[in-house]
Amino acid sequence: MSYSFSIKLLLYFTRFLFLFSTLFGLSYLPCMVYGLFGNEVNLLVNVDSGDILWEKKVELFGSDHALTKPDLSIASLSFNFTDVFYTDSLSTTPLYANSKEGSDLVSVHPHSHSKFVLFHSLPIFLRLMIFTNAILTLLFFVMIVYHLKSFVFKIYSDSYFELQTITNLKYISYYLILIWLVDFSSTFILSPFQSSMLITKAGIVSLSLNFPTINLLFAGFIIGVLAHVFSHGVALKEDNKLTI
Amino acid sequence: MIVVNLDVMLAKRKMSLTELSGKVGITMSNLSILKKGKARAIRFSTLESICRVLECQPADILEYKADFDS
């Protein structure tokens, strides 16, 4: 596979990714706003991570086992194949209300590592926090993909050392760090409420403090350094251009 | 600063910039940059070509002037 072909492939992929993420965001936004006002929507919140997932229950192996279709988590914007097992109590009764009454620890499934709660069943302030987190992450992600698309197009057009290329890289770096900051701050803000979502019968509060991975932060820093290196490239290019 | 006296030599040899461009093999835009003093550097090969065509020494084209402002 030649280099130019791989760049072209990358260009098409980034264009597709930008279109997809924009359309996805536009289609999810009304659904989340609808759920924000307490209306019933098929949105689940992962109690541990604060991610929002759209679920579609698909009966595959009988009535006691439901495997979701590939779902797209808004907050983390990743594709997950998730085994989600429901109990009737989860479907019909908000987990938060259950925990207030000190009932059994409502896990989605005894063997599942994922615990979900219906988005619209959460208290309004939690809904607002999770909604803000998701919207900001989605917005920053779309901006990252937009600048990445622009950057790859510049590379494809052989405009390696241009000011616009450096600007694209800088914005990608900023938005990556911003996404990490949003994730980081929401983890600490949500963690006290995560524990209140999971109160066992014995009244033991389980604290779940998930420290967000610093992959995004490292990626942001590395791309920032790359932008700095490219700026020196621009200076060298200018010198070369003015060398007769 | 280094001052490029290309137009002086062109006048002495009664040659136009276009003619010099064709003989030396440098584009008009680059020669214009050189003539206006906006060039950051000049290659020896370019200087050699210009001196050969204009039948002069590098000192006839390049002159040093003390820049008191900097």
# chains A, B, ... in the order shown; residues from 1 in each chain; ligands from 1
>>> interface_residues(of="chain A", to="chain B", cutoff="7 Å", atoms="only C-alpha atoms", output="list in words")
Asp239, Leu242, Thr243 and Ile244 of chain A
>>> write_last_selection(atoms="C-alpha atoms", output="PDB file, in the first residue's frame")
ATOM      1  CA  ASP A 239      14.131  30.240   5.407  1.00  0.00           C
ATOM      2  CA  LEU A 242      13.887  32.889   0.927  1.00  0.00           C
ATOM      3  CA  THR A 243      17.169  31.177   0.115  1.00  0.00           C
ATOM      4  CA  ILE A 244      18.004  31.971  -3.522  1.00  0.00           C
TER       5      ILE A 244
END
>>> atom_distance(atom1="CA of Val4 in chain B", atom2="CA of Ser32 in chain B")
11.0 Å
>>> select_by_dssp(residues="chain B", states="strand (DSSP E)", output="list in words")
Ile2, Val3, Val4, Leu62, Glu63 and Tyr64 of chain B
>>> write_last_selection(atoms="all heavy atoms", output="mmCIF file, in the first residue's frame")
data_model
loop_
_atom_site.group_PDB
_atom_site.id
_atom_site.type_symbol
_atom_site.label_atom_id
_atom_site.label_comp_id
_atom_site.auth_asym_id
_atom_site.auth_seq_id
_atom_site.Cartn_x
_atom_site.Cartn_y
_atom_site.Cartn_z
ATOM 1 N N ILE B 2 23.643 43.080 4.808
ATOM 2 C CA ILE B 2 24.224 42.839 3.479
ATOM 3 C C ILE B 2 23.298 43.465 2.444
ATOM 4 O O ILE B 2 22.093 43.162 2.396
ATOM 5 C CB ILE B 2 24.368 41.326 3.202
ATOM 6 C CG1 ILE B 2 25.247 40.659 4.274
ATOM 7 C CG2 ILE B 2 24.893 41.074 1.800
ATOM 8 C CD1 ILE B 2 26.693 41.085 4.250
ATOM 9 N N VAL B 3 23.880 44.327 1.622
ATOM 10 C CA VAL B 3 23.108 44.994 0.576
ATOM 11 C C VAL B 3 23.453 44.338 -0.757
ATOM 12 O O VAL B 3 24.626 44.090 -1.055
ATOM 13 C CB VAL B 3 23.444 46.506 0.524
ATOM 14 C CG1 VAL B 3 22.706 47.173 -0.624
ATOM 15 C CG2 VAL B 3 23.092 47.159 1.842
ATOM 16 N N VAL B 4 22.422 44.030 -1.547
ATOM 17 C CA VAL B 4 22.621 43.395 -2.857
ATOM 18 C C VAL B 4 22.539 44.469 -3.935
ATOM 19 O O VAL B 4 21.477 45.084 -4.106
ATOM 20 C CB VAL B 4 21.550 42.308 -3.096
ATOM 21 C CG1 VAL B 4 21.764 41.653 -4.447
ATOM 22 C CG2 VAL B 4 21.611 41.259 -1.995
ATOM 23 N N LEU B 62 27.604 42.029 -3.627
ATOM 24 C CA LEU B 62 27.262 42.036 -2.191
ATOM 25 C C LEU B 62 28.123 43.067 -1.459
ATOM 26 O O LEU B 62 29.335 43.135 -1.663
ATOM 27 C CB LEU B 62 27.507 40.661 -1.573
ATOM 28 C CG LEU B 62 26.774 39.499 -2.221
ATOM 29 C CD1 LEU B 62 27.229 38.176 -1.628
ATOM 30 C CD2 LEU B 62 25.263 39.643 -2.056
ATOM 31 N N GLU B 63 27.469 43.862 -0.637
ATOM 32 C CA GLU B 63 28.172 44.904 0.131
ATOM 33 C C GLU B 63 27.673 44.879 1.565
ATOM 34 O O GLU B 63 26.465 44.738 1.818
ATOM 35 C CB GLU B 63 27.872 46.263 -0.511
ATOM 36 C CG GLU B 63 28.592 47.431 0.145
ATOM 37 C CD GLU B 63 28.092 48.763 -0.379
ATOM 38 O OE1 GLU B 63 27.427 48.798 -1.437
ATOM 39 O OE2 GLU B 63 28.334 49.776 0.304
ATOM 40 N N TYR B 64 28.608 45.024 2.487
ATOM 41 C CA TYR B 64 28.233 45.039 3.906
ATOM 42 C C TYR B 64 28.069 46.480 4.380
ATOM 43 O O TYR B 64 28.933 47.328 4.160
ATOM 44 C CB TYR B 64 29.288 44.327 4.761
ATOM 45 C CG TYR B 64 29.081 44.546 6.252
ATOM 46 C CD1 TYR B 64 28.045 43.912 6.915
ATOM 47 C CD2 TYR B 64 29.905 45.414 6.976
ATOM 48 C CE1 TYR B 64 27.834 44.122 8.271
ATOM 49 C CE2 TYR B 64 29.702 45.623 8.332
ATOM 50 C CZ TYR B 64 28.667 44.973 8.971
ATOM 51 O OH TYR B 64 28.449 45.187 10.313
#
